[in-house]
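K.L.:
Quick one, start_28.cif (mmCIF, C-alpha atoms and all ligand atoms):
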```cif
data_query
loop_
_atom_site.label_atom_id
_atom_site.label_comp_id
_atom_site.auth_asym_id
_atom_site.auth_seq_id
_atom_site.Cartn_x
_atom_site.Cartn_y
_atom_site.Cartn_z
CA MET A 1003 87.86 161.51 149.95
CA HIS A 1004 89.15 165.04 149.98
CA ALA A 1005 92.69 165.79 150.94
CA THR A 1006 92.83 168.57 153.47
CA ALA A 1007 95.07 171.20 152.00
CA THR A 1008 97.05 173.13 154.55
CA ALA A 1009 96.36 176.65 153.43
CA THR A 1010 99.64 178.39 152.86
CA PRO A 1011 98.91 182.09 152.46
CA PRO A 1012 100.59 183.51 149.36
CA VAL A 1013 103.86 185.17 150.29
CA GLN A 1014 103.50 188.89 149.61
CA THR A 1015 106.61 190.89 148.99
CA SER A 1016 106.91 194.28 150.66
CA GLY A 1017 106.62 195.75 147.14
CA ALA A 1018 103.29 194.04 146.53
CA ARG A 1019 102.01 195.30 149.90
CA ALA A 1020 103.14 198.85 149.05
CA LEU A 1021 101.40 198.71 145.69
CA SER A 1022 98.11 197.51 147.16
CA ALA A 1023 98.37 200.27 149.78
CA ALA A 1024 98.91 202.90 147.06
CA ILE A 1025 95.98 201.60 145.00
CA GLU A 1026 93.72 201.44 148.06
CA GLN A 1027 94.55 205.09 148.86
CA PHE A 1028 93.89 206.11 145.26
CA ASP A 1029 90.55 204.25 145.19
CA ALA A 1030 89.44 206.00 148.38
CA ALA A 1031 90.23 209.40 146.86
CA ALA A 1032 88.58 208.48 143.54
CA ASP A 1033 85.45 207.33 145.42
CA HIS A 1034 85.33 210.54 147.45
CA LEU A 1035 85.61 212.60 144.24
CA SER A 1036 83.18 210.34 142.31
CA LEU A 1037 85.89 210.27 139.66
CA GLU A 1038 84.61 209.26 136.23
CA PRO A 1039 85.49 205.64 135.23
CA GLY A 1040 87.81 206.67 132.36
CA LEU A 1041 89.98 208.86 134.57
CA ARG A 1042 89.98 206.23 137.28
CA ALA A 1043 91.28 203.68 134.79
CA ILE A 1044 94.01 206.06 133.58
CA LEU A 1045 95.30 207.16 136.99
CA ARG A 1046 95.16 203.76 138.70
CA VAL A 1047 98.05 202.33 136.64
CA PRO A 1048 101.52 203.54 135.61
CA LYS A 1049 101.87 205.13 132.19
CA ARG A 1050 105.22 203.58 131.28
CA GLU A 1051 107.53 200.96 132.75
CA LEU A 1052 111.05 199.84 132.00
CA THR A 1053 112.70 196.73 133.43
CA VAL A 1054 116.34 196.13 132.58
CA ARG A 1055 118.81 193.37 133.37
CA PHE A 1056 122.43 194.27 133.04
CA PRO A 1057 125.82 192.77 133.94
CA VAL A 1058 128.34 194.35 136.29
CA ARG A 1059 131.87 193.11 136.86
CA LEU A 1060 132.50 192.78 140.61
CA ASP A 1061 135.83 193.37 142.35
CA ASP A 1062 136.64 189.63 142.43
CA GLY A 1063 136.39 189.48 138.63
CA SER A 1064 133.03 187.70 138.55
CA VAL A 1065 130.02 189.04 136.64
CA GLN A 1066 126.66 189.60 138.32
CA VAL A 1067 123.44 190.40 136.48
CA PHE A 1068 121.30 193.00 138.26
CA GLN A 1069 117.68 193.94 137.67
CA GLY A 1070 116.64 197.60 137.55
CA TYR A 1071 113.44 199.55 136.92
CA ARG A 1072 112.06 202.95 136.03
CA VAL A 1073 108.33 203.54 136.23
CA GLN A 1074 106.64 206.76 135.07
CA HIS A 1075 103.24 206.81 136.69
CA ASN A 1076 101.89 210.03 135.20
CA VAL A 1077 103.12 213.04 133.21
CA ALA A 1078 99.92 215.07 132.82
CA ARG A 1079 101.28 217.97 134.93
CA GLY A 1080 104.88 217.95 133.66
CA PRO A 1081 107.98 215.78 133.26
CA ALA A 1082 108.17 212.63 135.38
CA LYS A 1083 110.08 213.10 138.66
CA GLY A 1084 111.25 210.79 141.40
CA GLY A 1085 114.17 209.07 143.04
CA LEU A 1086 116.25 205.97 142.39
CA ARG A 1087 116.37 203.37 145.14
CA PHE A 1088 119.10 200.75 145.63
CA HIS A 1089 117.74 198.18 148.09
CA PRO A 1090 117.38 194.37 148.32
CA ASP A 1091 113.55 194.67 148.57
CA THR A 1092 113.23 196.98 145.55
CA ASP A 1093 111.08 195.30 142.90
CA ILE A 1094 108.72 196.40 140.16
CA ASN A 1095 105.71 196.64 142.49
CA ASP A 1096 107.59 198.71 145.04
CA VAL A 1097 108.67 201.08 142.27
CA ARG A 1098 105.11 201.26 140.89
CA ALA A 1099 103.79 202.27 144.32
CA LEU A 1100 106.54 204.84 144.88
CA ALA A 1101 106.00 206.31 141.38
CA MET A 1102 102.27 206.75 142.04
CA TRP A 1103 103.00 208.47 145.37
CA MET A 1104 105.39 210.85 143.53
CA THR A 1105 102.56 211.90 141.17
CA TRP A 1106 100.32 212.77 144.13
CA LYS A 1107 103.17 214.43 146.06
CA CYS A 1108 104.10 216.75 143.17
CA ALA A 1109 100.44 217.66 142.62
CA LEU A 1110 99.74 218.25 146.32
CA VAL A 1111 102.67 220.64 146.81
CA GLY A 1112 102.28 222.30 143.42
CA VAL A 1113 105.51 221.44 141.64
CA PRO A 1114 105.10 221.12 137.84
CA PHE A 1115 106.08 217.48 137.59
CA GLY A 1116 104.48 214.10 137.16
CA GLY A 1117 105.54 211.05 139.16
CA ALA A 1118 108.20 208.41 138.61
CA LYS A 1119 110.49 206.13 140.56
CA GLY A 1120 113.29 203.76 139.77
CA GLY A 1121 115.69 201.43 141.41
CA VAL A 1122 117.93 198.40 141.34
CA THR A 1123 117.48 195.25 143.39
CA CYS A 1124 120.82 195.16 145.20
CA ASP A 1125 122.39 195.52 148.62
CA PRO A 1126 124.61 198.61 148.48
CA SER A 1127 125.92 197.92 152.00
CA SER A 1128 127.66 194.78 150.72
CA MET A 1129 129.19 196.43 147.63
CA SER A 1130 132.42 198.41 147.25
CA VAL A 1131 132.47 201.97 145.91
CA THR A 1132 133.99 200.68 142.66
CA GLU A 1133 131.17 198.17 142.25
CA LEU A 1134 128.51 200.78 143.04
CA GLU A 1135 130.01 203.17 140.51
CA ALA A 1136 130.05 200.46 137.83
CA LEU A 1137 126.45 199.48 138.65
CA THR A 1138 125.29 203.10 138.57
CA ARG A 1139 127.05 203.94 135.30
CA ARG A 1140 125.64 200.86 133.57
CA PHE A 1141 122.14 201.46 134.99
CA ALA A 1142 122.33 205.12 133.83
CA THR A 1143 123.22 203.88 130.36
CA GLU A 1144 120.24 201.51 130.37
CA LEU A 1145 117.98 204.37 131.55
CA GLU A 1146 119.31 206.95 129.10
CA PRO A 1147 116.63 206.59 126.39
CA PHE A 1148 114.00 207.02 129.10
CA ILE A 1149 115.25 210.03 131.11
CA GLY A 1150 116.11 213.68 130.41
CA PRO A 1151 115.63 217.21 131.80
CA ASP A 1152 112.37 217.55 129.84
CA SER A 1153 111.09 214.00 130.20
CA ASP A 1154 112.05 212.24 133.44
CA ILE A 1155 114.42 213.51 136.11
CA PRO A 1156 115.80 211.05 138.72
CA ALA A 1157 117.05 212.01 142.21
CA PRO A 1158 118.45 210.26 145.29
CA ASP A 1159 116.32 207.93 147.43
CA VAL A 1160 117.04 205.05 149.84
CA GLY A 1161 120.53 203.64 149.17
CA THR A 1162 121.56 206.38 146.71
CA SER A 1163 123.23 209.77 147.27
CA ALA A 1164 124.60 212.92 145.64
CA GLN A 1165 127.59 210.79 144.55
CA THR A 1166 125.25 208.41 142.69
CA MET A 1167 123.74 211.41 140.90
CA ALA A 1168 127.23 212.69 139.97
CA TRP A 1169 128.02 209.36 138.28
CA ILE A 1170 124.75 209.56 136.32
CA VAL A 1171 125.48 213.14 135.18
CA ASP A 1172 128.96 212.10 134.09
CA THR A 1173 127.86 208.94 132.27
CA VAL A 1174 125.12 210.64 130.26
CA SER A 1175 127.35 213.69 129.60
CA MET A 1176 130.11 211.43 128.22
CA HIS A 1177 127.62 209.84 125.82
CA ARG A 1178 126.23 213.18 124.65
CA GLY A 1179 129.57 214.98 124.41
CA TYR A 1180 128.46 217.91 126.59
CA SER A 1181 127.56 218.41 130.25
CA ILE A 1182 123.94 217.79 131.07
CA PRO A 1183 123.55 218.54 134.80
CA GLY A 1184 119.75 218.92 134.54
CA ILE A 1185 119.36 215.17 133.90
CA VAL A 1186 119.11 214.56 137.67
CA THR A 1187 118.56 216.56 140.87
CA GLY A 1188 120.20 216.02 144.22
CA LYS A 1189 123.65 216.42 142.63
CA PRO A 1190 126.68 217.67 144.54
CA ILE A 1191 126.75 221.49 144.63
CA ALA A 1192 130.08 221.55 142.75
CA ILE A 1193 128.42 220.15 139.60
CA GLY A 1194 125.17 222.11 139.60
CA GLY A 1195 123.39 220.88 142.71
CA SER A 1196 121.39 223.23 144.91
CA VAL A 1197 122.28 224.44 148.37
CA GLY A 1198 119.80 223.01 150.83
CA ARG A 1199 118.97 219.91 148.77
CA ALA A 1200 120.84 217.46 151.02
CA ASP A 1201 118.75 218.38 154.08
CA ALA A 1202 115.61 219.35 152.14
CA THR A 1203 113.43 216.37 153.04
CA GLY A 1204 114.31 216.69 156.74
CA GLN A 1205 113.87 220.47 156.60
CA GLY A 1206 110.44 220.12 154.99
CA ALA A 1207 109.49 217.48 157.58
CA LEU A 1208 110.51 219.93 160.32
CA TYR A 1209 108.32 222.69 158.81
CA THR A 1210 105.28 220.40 158.63
CA ILE A 1211 105.94 219.10 162.17
CA GLU A 1212 106.16 222.68 163.52
CA ASP A 1213 102.90 223.44 161.74
CA ALA A 1214 101.20 220.32 163.13
CA ALA A 1215 102.51 221.02 166.64
CA GLY A 1216 101.08 224.54 166.44
CA ARG A 1217 97.70 223.14 165.44
CA ILE A 1218 97.48 220.81 168.46
CA GLY A 1219 99.04 223.32 170.88
CA LEU A 1220 102.27 221.36 171.37
CA ASP A 1221 105.50 223.22 172.15
CA LEU A 1222 108.35 221.69 170.12
CA ARG A 1223 110.87 222.75 172.77
CA GLY A 1224 111.15 219.80 175.12
CA ALA A 1225 108.73 217.68 173.05
CA ARG A 1226 109.52 213.94 173.28
CA VAL A 1227 110.46 212.64 169.84
CA ALA A 1228 111.49 209.27 168.44
CA VAL A 1229 112.83 208.76 164.92
CA GLN A 1230 112.70 205.46 163.05
CA GLY A 1231 115.42 205.54 160.38
CA PHE A 1232 118.74 207.39 160.46
CA GLY A 1233 119.60 207.65 156.75
CA ASN A 1234 119.30 210.54 154.27
CA VAL A 1235 115.99 211.66 155.76
CA GLY A 1236 115.91 210.41 159.36
CA GLU A 1237 119.32 211.85 160.27
CA ALA A 1238 118.45 215.33 158.97
CA THR A 1239 115.00 215.31 160.59
CA ALA A 1240 116.40 214.14 163.96
CA ARG A 1241 119.20 216.73 163.86
CA LEU A 1242 116.89 219.61 162.91
CA LEU A 1243 114.37 218.65 165.62
CA TYR A 1244 117.25 218.44 168.13
CA ASP A 1245 118.46 221.90 167.00
CA ALA A 1246 114.90 223.19 167.42
CA GLY A 1247 114.99 222.13 171.09
CA ALA A 1248 113.00 218.89 170.91
CA ARG A 1249 114.07 216.00 173.17
CA VAL A 1250 114.95 213.13 170.80
CA ILE A 1251 114.69 210.10 173.09
CA ALA A 1252 115.07 207.22 170.62
CA ILE A 1253 116.52 206.55 167.18
CA THR A 1254 116.71 203.29 165.23
CA ASP A 1255 118.71 202.53 162.09
CA VAL A 1256 118.97 199.45 159.87
CA ASN A 1257 121.30 197.73 162.36
CA GLY A 1258 119.76 198.65 165.73
CA GLY A 1259 118.58 201.45 167.94
CA ALA A 1260 119.55 203.72 170.83
CA THR A 1261 117.41 205.32 173.52
CA ASN A 1262 117.85 207.64 176.46
CA PRO A 1263 114.73 209.03 178.17
CA GLU A 1264 116.67 212.18 179.09
CA GLY A 1265 117.41 212.89 175.42
CA LEU A 1266 120.02 211.74 172.91
CA ASP A 1267 122.95 213.76 171.59
CA VAL A 1268 121.99 213.52 167.91
CA PRO A 1269 125.26 214.89 166.37
CA PHE A 1270 127.20 212.43 168.55
CA LEU A 1271 125.01 209.54 167.34
CA ARG A 1272 125.72 210.52 163.76
CA ARG A 1273 129.45 210.24 164.41
CA HIS A 1274 128.86 206.90 166.19
CA LEU A 1275 126.97 205.62 163.14
CA GLU A 1276 129.80 206.72 160.82
CA GLU A 1277 132.36 204.85 162.93
CA HIS A 1278 130.40 201.75 163.98
CA GLY A 1279 127.73 201.38 161.29
CA THR A 1280 124.90 201.80 163.82
CA VAL A 1281 123.68 204.04 166.62
CA ALA A 1282 123.18 200.92 168.79
CA GLY A 1283 125.67 200.60 171.63
CA ALA A 1284 126.52 204.32 171.73
CA PRO A 1285 127.77 205.32 175.22
CA GLY A 1286 125.03 206.66 177.49
CA THR A 1287 122.24 204.89 175.58
CA SER A 1288 120.32 201.62 175.84
CA ARG A 1289 119.40 199.44 172.89
CA ILE A 1290 115.87 199.63 171.46
CA SER A 1291 113.99 197.82 168.68
CA ASN A 1292 111.60 199.39 166.17
CA ASP A 1293 108.55 197.91 167.90
CA GLU A 1294 109.71 199.26 171.27
CA LEU A 1295 110.32 202.68 169.68
CA PHE A 1296 106.82 202.79 168.13
CA ALA A 1297 105.27 202.10 171.57
CA LEU A 1298 107.16 204.79 173.52
CA ASP A 1299 105.25 207.52 175.33
CA LEU A 1300 105.92 210.29 172.78
CA ASP A 1301 104.74 213.62 171.53
CA ILE A 1302 106.07 213.01 168.01
CA LEU A 1303 106.86 209.77 166.20
CA VAL A 1304 108.88 210.35 163.01
CA LEU A 1305 108.79 207.45 160.54
CA ALA A 1306 111.80 207.89 158.27
CA ALA A 1307 112.58 204.36 157.12
CA LEU A 1308 110.64 202.18 154.68
CA GLU A 1309 107.05 201.39 153.69
CA GLY A 1310 104.53 199.42 155.72
CA GLN A 1311 106.04 199.93 159.20
CA ILE A 1312 102.83 200.70 161.10
CA THR A 1313 100.10 198.18 160.39
CA ALA A 1314 96.89 197.01 162.07
CA ALA A 1315 99.12 194.69 164.13
CA ASN A 1316 101.09 197.42 165.93
CA ALA A 1317 99.05 200.64 165.41
CA GLY A 1318 97.28 200.04 168.73
CA THR A 1319 100.60 200.38 170.60
CA VAL A 1320 101.38 203.87 169.24
CA ARG A 1321 101.05 206.54 171.92
CA ALA A 1322 102.42 209.57 170.03
CA ARG A 1323 100.32 212.72 169.58
CA ILE A 1324 101.76 213.35 166.09
CA ILE A 1325 102.99 210.87 163.49
CA ALA A 1326 105.22 212.53 160.90
CA GLU A 1327 105.58 210.38 157.79
CA ALA A 1328 109.03 211.41 156.58
CA ALA A 1329 109.31 208.11 154.66
CA ASN A 1330 107.12 207.12 151.72
CA GLY A 1331 104.17 204.90 152.69
CA PRO A 1332 105.28 204.06 156.27
CA VAL A 1333 101.69 203.57 157.50
CA ASN A 1334 99.62 200.80 155.97
CA PRO A 1335 95.96 201.65 155.15
CA ASP A 1336 94.76 199.03 157.67
CA ALA A 1337 96.40 201.09 160.44
CA ASP A 1338 94.80 204.41 159.44
CA PRO A 1339 91.42 203.93 161.20
CA ILE A 1340 93.18 202.73 164.37
CA LEU A 1341 95.42 205.81 164.49
CA HIS A 1342 92.40 207.99 163.76
CA ASP A 1343 90.43 206.43 166.66
CA ARG A 1344 93.41 207.05 168.93
CA GLY A 1345 93.24 210.76 168.04
CA ILE A 1346 96.73 210.82 166.55
CA PHE A 1347 97.50 213.77 164.26
CA VAL A 1348 99.00 212.23 161.10
CA VAL A 1349 101.13 214.35 158.78
CA PRO A 1350 100.75 212.28 155.57
CA ASP A 1351 103.88 211.27 153.65
CA ILE A 1352 103.08 213.11 150.43
CA LEU A 1353 103.10 216.33 152.45
CA CYS A 1354 105.63 215.56 155.21
CA ASN A 1355 108.47 214.41 152.95
CA ALA A 1356 107.77 216.73 150.00
CA GLY A 1357 110.61 219.14 150.90
CA GLY A 1358 112.97 216.89 148.91
CA VAL A 1359 111.09 217.12 145.63
CA ILE A 1360 110.29 220.82 146.15
CA VAL A 1361 114.01 221.63 146.39
CA SER A 1362 114.64 219.23 143.49
CA TYR A 1363 112.29 221.43 141.49
CA PHE A 1364 114.27 224.50 142.63
CA GLU A 1365 117.50 222.75 141.57
CA TRP A 1366 116.04 221.92 138.14
CA ALA A 1367 114.76 225.51 137.72
CA GLN A 1368 118.14 226.96 138.76
CA ASN A 1369 119.89 224.65 136.24
CA ARG A 1370 117.59 225.79 133.43
CA ALA A 1371 118.07 229.46 134.28
CA ALA A 1372 121.81 229.01 135.03
CA ILE A 1373 121.50 230.84 138.34
CA ALA A 1374 122.07 229.92 141.99
CA TRP A 1375 119.81 230.90 144.88
CA THR A 1376 121.06 231.28 148.45
CA LEU A 1377 120.24 228.84 151.24
CA ASP A 1378 117.88 231.40 152.80
CA GLU A 1379 116.05 231.81 149.49
CA ILE A 1380 115.74 228.04 149.07
CA ASN A 1381 114.48 227.41 152.60
CA GLU A 1382 112.08 230.34 152.61
CA ARG A 1383 110.56 229.39 149.25
CA MET A 1384 110.28 225.75 150.29
CA ARG A 1385 108.74 226.65 153.65
CA HIS A 1386 106.17 228.83 151.92
CA GLN A 1387 105.32 226.13 149.36
CA ILE A 1388 105.05 223.21 151.80
CA LEU A 1389 103.03 225.20 154.36
CA ARG A 1390 100.62 226.42 151.70
CA ALA A 1391 100.02 222.78 150.78
CA ALA A 1392 99.62 221.92 154.48
CA GLY A 1393 97.01 224.67 154.84
CA ASP A 1394 95.10 223.38 151.80
CA LEU A 1395 95.20 219.88 153.28
CA TRP A 1396 93.98 220.74 156.79
CA ASP A 1397 91.23 222.97 155.30
CA ARG A 1398 90.07 220.22 152.96
CA ALA A 1399 90.04 217.60 155.72
CA ALA A 1400 87.90 219.91 157.88
CA ALA A 1401 85.59 221.03 155.05
CA ASP A 1402 84.90 217.48 153.79
CA GLY A 1403 85.03 215.83 157.23
CA ILE A 1404 87.68 213.36 156.09
CA SER A 1405 91.01 212.12 157.41
CA GLN A 1406 94.20 214.01 156.66
CA ARG A 1407 95.48 211.11 154.55
CA LEU A 1408 92.32 211.06 152.44
CA ALA A 1409 92.35 214.86 152.09
CA ALA A 1410 95.95 214.74 150.81
CA HIS A 1411 95.07 212.18 148.14
CA VAL A 1412 91.79 213.91 147.24
CA ILE A 1413 93.53 217.23 146.53
CA ALA A 1414 96.29 215.54 144.54
CA VAL A 1415 94.03 213.27 142.48
CA GLU A 1416 91.70 216.19 141.77
CA ARG A 1417 94.59 218.26 140.37
CA VAL A 1418 95.97 215.45 138.20
CA ALA A 1419 92.43 214.65 136.99
CA GLU A 1420 91.89 218.31 136.06
CA ALA A 1421 95.16 218.36 134.07
CA THR A 1422 94.18 215.15 132.29
CA ARG A 1423 90.69 216.44 131.42
CA LEU A 1424 92.12 219.70 130.06
CA ARG A 1425 94.68 217.91 127.92
CA GLY A 1426 92.00 215.55 126.60
CA LEU A 1427 92.53 212.28 124.80
CA TYR A 1428 95.11 211.82 122.08
CA PRO A 1429 94.46 211.40 119.15
N1 LIG B 1 113.24 210.40 146.57
C1 LIG B 1 112.62 211.58 147.07
C2 LIG B 1 111.14 211.36 147.31
O1 LIG B 1 110.72 210.26 147.55
C3 LIG B 1 112.91 212.81 146.20
C4 LIG B 1 112.44 212.73 144.79
C5 LIG B 1 112.95 213.87 143.92
O2 LIG B 1 113.54 214.80 144.44
O3 LIG B 1 112.74 213.78 142.72
O4 LIG B 1 110.37 212.28 147.37
#
```
Would you mind writing the structure in this file as structure tokens?
Ligand code: GLU
P.N.:
Amino acid sequence: MHATATATPPVQTSGARALSAAIEQFDAAADHLSLEPGLRAILRVPKRELTVRFPVRLDDGSVQVFQGYRVQHNVARGPAKGGLRFHPDTDINDVRALAMWMTWKCALVGVPFGGAKGGVTCDPSSMSVTELEALTRRFATELEPFIGPDSDIPAPDVGTSAQTMAWIVDTVSMHRGYSIPGIVTGKPIAIGGSVGRADATGQGALYTIEDAAGRIGLDLRGARVAVQGFGNVGEATARLLYDAGARVIAITDVNGGATNPEGLDVPFLRRHLEEHGTVAGAPGTSRISNDELFALDLDILVLAALEGQITAANAGTVRARIIAEAANGPVNPDADPILHDRGIFVVPDILCNAGGVIVSYFEWAQNRAAIAWTLDEINERMRHQILRAAGDLWDRAAADGISQRLAAHVIAVERVAEATRLRGLYP
């Protein structure tokens, strides 16, 4: 007699889901390009991975061992580049996916970098500043053999900030005996950071949203917008859209959401978040969940939180005309055909959020040349660079009759493949 096994589906972490999404997107681009098997094998996996476990003394005197990662997906076009994420869901697969997306992002927008990502599995919201500084300094020490201005340049990401970067600069500089600001980007301006870097991802998202709106004949002034995520990227994007005259009717953060169909006062919500830890409950607003926000009657839905937010399960509820992917990987591949059938104009993540890494490149270049550009110079150069990439993308999608997501990956994979072919095999 056979025992009937109750099938328990394997529990997939969000990192594992992100990695399969990244690989699925790569495979689609490789198929479209009929990429030769050798190149496919090279580009489908990360080049180099580091996992470290390290102790940190917490404020109560106890010792906790943390796990951290740095993954360099590809360096064919230049040094590895990408952020460091401090989040409870950060794991090796998450970092692998994010590193691969960095390779494609840098190639798509034409910055001379490869792709990397790193992070620590931790919950920064439950740690004191002293604990975060100790964790960062020890993690920087563990990373030191792996990173450098010519090899791999970290930057802020979810759960990290300019302050995190300052601690990394200081730690590595203490070890070397001289200041080495070019080891990271996204630093505070006082120690070699660039003007415009703090808002760069939001600013770049705004430029690509303006471009997309122009293409579908949508006037940004008065356009109904909702923003999922109110951190480094979501706050800047919401504020810049508000300043541009859009009507931001809903915002969610990690602890809740706020909506007002007449339009939210975005600067006021930022102050509310600083004081209360969430936008939820702000006077003059009603509470809203992520799923309710996704289903609002909108012109523009900005996804500025984490990966895998729109899936086949909720894509059918989205009523926006434009989805702007200010986060990395917010739309799962199983949702793409549904959004396409609904006629939604998707601004893919590796374009929409590339303003951050473009201005990181400007910061790195300014550090090397020991010069400082003005905010106008930074924004104008970034606007030019991101809109040129947008133009390439829309042209390629039209010419090949493919989706905007596929076009983005096709252009990027093609450029990395070309670099790899030219460099040839060593030895
Ligand atoms: N973490 C950001 C991203 O995902 C910025 C990376 C960088 O500036 O290196 O694009």
K.L.:
What is the distance between atom CA of A:Pro1429 and atom CA of A:Ala1118, in Å to one decimal?
P.N.:
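Going from atom CA of A:Pro1429 over to atom CA of A:Ala1118 covers 24.0 Å.
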K.L.:
My list of candidates is A:Thr1015, A:Ser1175, A:Thr1261, A:Ser1196. Which is closest to ligand LIG 1 (chain B) when distances are computed with only C-alpha atoms and all ligand atoms?
P.N.:
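Residue with the minimum atom-to-atom distance to ligand LIG 1 (chain B): A:Ser1196.
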K.L.:
Give as a ChimeraX atom specification the residues surrounding ligand LIG 1 (chain B) up to a distance of 6 Å, considering all atoms listed in the file.
P.N.:
/A:1083-1085,1156-1159,1356,1358-1359,1362
K.L.:
Suppose you want the space between atom CA of A:Gly1259 and atom CA of A:Ala1225; what is it in Å?
P.N.:
19.7 Å
K.L.:
To one decimal place in Å, what is the distance between atom CA of A:Gln1406 and atom CA of A:Val1348?
P.N.:
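A separation of 6.8 Å between them.
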K.L.:
Rank A:Lys1049, A:His1411, A:Arg1323, A:Arg1019 by their smallest atom-to-atom distance to A:Arg1344, using all atoms listed in the file, and report the top residue only.
P.N.:
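Of the candidates, the smallest distance to A:Arg1344 is held by A:Arg1323.
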K.L.:
Find the residues around stretch 1144-1152 of chain A up to 6 Å (all atoms listed in the file counted), leave out those fewer than 2 positions away in its own chain, and share them as a VMD selection string.
P.N.:
chain A and resid 1081 1141 to 1142 1154 to 1155 1184 to 1185
K.L.:
Counting all atoms listed in the file, which residues come within 9 Å of (117.0, 219.7, 161.0), with the point read in the file's coordinates, and could you list them as a list in words?
P.N.:
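Those residues lying close to the given coordinates are Asp1201, Ala1202, Gly1204, Gln1205, Gly1206, Ala1207, Leu1208, Glu1237, Ala1238, Thr1239, Ala1240, Arg1241, Leu1242, Leu1243, Tyr1244, Asp1245 and Ala1246 of chain A.
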K.L.:
Residues at most 10 Å from A:Ile1290, counting all atoms listed in the file, excluding those fewer than 6 positions away in the same chain, as JSON, numbers by chain?
P.N.:
{"A": [1252, 1253, 1254, 1258, 1259, 1260, 1261, 1262, 1282, 1283]}
K.L.:
Quick one: everything within 7 Å of A:Gly1231, counting only C-alpha atoms, minus sequence neighbours fewer than 5 positions away in the same chain. Send it as number ranges by chain.
P.N.:
A: 1236, 1253-1255, 1305-1307
K.L.:
Between A:Ile1325, A:Leu1134, A:Leu1308, A:Leu1060, which has the minimum distance to A:Ser1016 (counting only C-alpha atoms)?
P.N.:
A:Leu1308
K.L.:
With a distance cut-off of 12 Å and all atoms listed in the file, select the neighbouring residues of A:Val1131, excluding the residue or stretch itself and same-chain residues fewer than 3 positions from it, and output the selection as a ChimeraX atom specification.
P.N.:
/A:1060-1061,1126-1128,1134-1138,1162,1165-1166,1169
K.L.:
Could you make a table, as CSV, of the residues of stretch 1279-1368 of chain A that have an atom within 10 Å of an atom of stretch 1087-1101 of chain A, each with its nearest atom pair and distance in Å to one decimal, counting only C-alpha atoms, in chain and number order?
P.N.:
```
residue,atom,partner,partner_atom,distance
A:Glu1309,CA,A:Asp1096,CA,9.1
A:Asn1330,CA,A:Leu1100,CA,7.2
A:Gly1331,CA,A:Leu1100,CA,8.2
```
K.L.:
Residues at most 12 Å from A:Ile1413, counting all atoms listed in the file, excluding those fewer than 3 positions away in the same chain, as an mmCIF file with C-alpha atoms, in the frame of the given file?
P.N.:
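Saved file part_25.cif follows:
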```cif
data_model
loop_
_atom_site.group_PDB
_atom_site.id
_atom_site.type_symbol
_atom_site.label_atom_id
_atom_site.label_comp_id
_atom_site.auth_asym_id
_atom_site.auth_seq_id
_atom_site.Cartn_x
_atom_site.Cartn_y
_atom_site.Cartn_z
ATOM 1 C CA PHE A 1028 93.890 206.110 145.260
ATOM 2 C CA ALA A 1031 90.230 209.400 146.860
ATOM 3 C CA ALA A 1032 88.580 208.480 143.540
ATOM 4 C CA HIS A 1034 85.330 210.540 147.450
ATOM 5 C CA LEU A 1035 85.610 212.600 144.240
ATOM 6 C CA THR A 1105 102.560 211.900 141.170
ATOM 7 C CA TRP A 1106 100.320 212.770 144.130
ATOM 8 C CA LYS A 1107 103.170 214.430 146.060
ATOM 9 C CA CYS A 1108 104.100 216.750 143.170
ATOM 10 C CA ALA A 1109 100.440 217.660 142.620
ATOM 11 C CA LEU A 1110 99.740 218.250 146.320
ATOM 12 C CA VAL A 1111 102.670 220.640 146.810
ATOM 13 C CA GLY A 1112 102.280 222.300 143.420
ATOM 14 C CA ILE A 1352 103.080 213.110 150.430
ATOM 15 C CA LEU A 1353 103.100 216.330 152.450
ATOM 16 C CA ALA A 1391 100.020 222.780 150.780
ATOM 17 C CA ALA A 1392 99.620 221.920 154.480
ATOM 18 C CA GLY A 1393 97.010 224.670 154.840
ATOM 19 C CA ASP A 1394 95.100 223.380 151.800
ATOM 20 C CA LEU A 1395 95.200 219.880 153.280
ATOM 21 C CA TRP A 1396 93.980 220.740 156.790
ATOM 22 C CA ASP A 1397 91.230 222.970 155.300
ATOM 23 C CA ARG A 1398 90.070 220.220 152.960
ATOM 24 C CA ALA A 1399 90.040 217.600 155.720
ATOM 25 C CA ASP A 1402 84.900 217.480 153.790
ATOM 26 C CA ILE A 1404 87.680 213.360 156.090
ATOM 27 C CA GLN A 1406 94.200 214.010 156.660
ATOM 28 C CA ARG A 1407 95.480 211.110 154.550
ATOM 29 C CA LEU A 1408 92.320 211.060 152.440
ATOM 30 C CA ALA A 1409 92.350 214.860 152.090
ATOM 31 C CA ALA A 1410 95.950 214.740 150.810
ATOM 32 C CA GLU A 1416 91.700 216.190 141.770
ATOM 33 C CA ARG A 1417 94.590 218.260 140.370
ATOM 34 C CA VAL A 1418 95.970 215.450 138.200
ATOM 35 C CA ALA A 1419 92.430 214.650 136.990
ATOM 36 C CA GLU A 1420 91.890 218.310 136.060
#
```
K.L.:
When you count only C-alpha atoms, which of these residues is closest to A:Arg1289: A:Ile1251, A:Ile1302, A:Val1054, A:Val1171?
P.N.:
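Among the listed residues, the smallest separation from A:Arg1289 belongs to A:Ile1251.
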K.L.:
Nearest to A:Tyr1209 among A:Thr1173, A:Gln1387, A:Thr1319, A:Ser1130, with distances taken over all atoms listed in the file: which residue is it?
P.N.:
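Counting all atoms listed in the file, the residue closest to A:Tyr1209 is A:Gln1387.
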K.L.:
For A:Gly1116, which residue among A:Pro1269, A:Pro1048, A:Gly1247, A:Pro1263 is the nearest when counting all atoms listed in the file?
P.N.:
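That would be A:Pro1048, the residue with the smallest distance to A:Gly1116.
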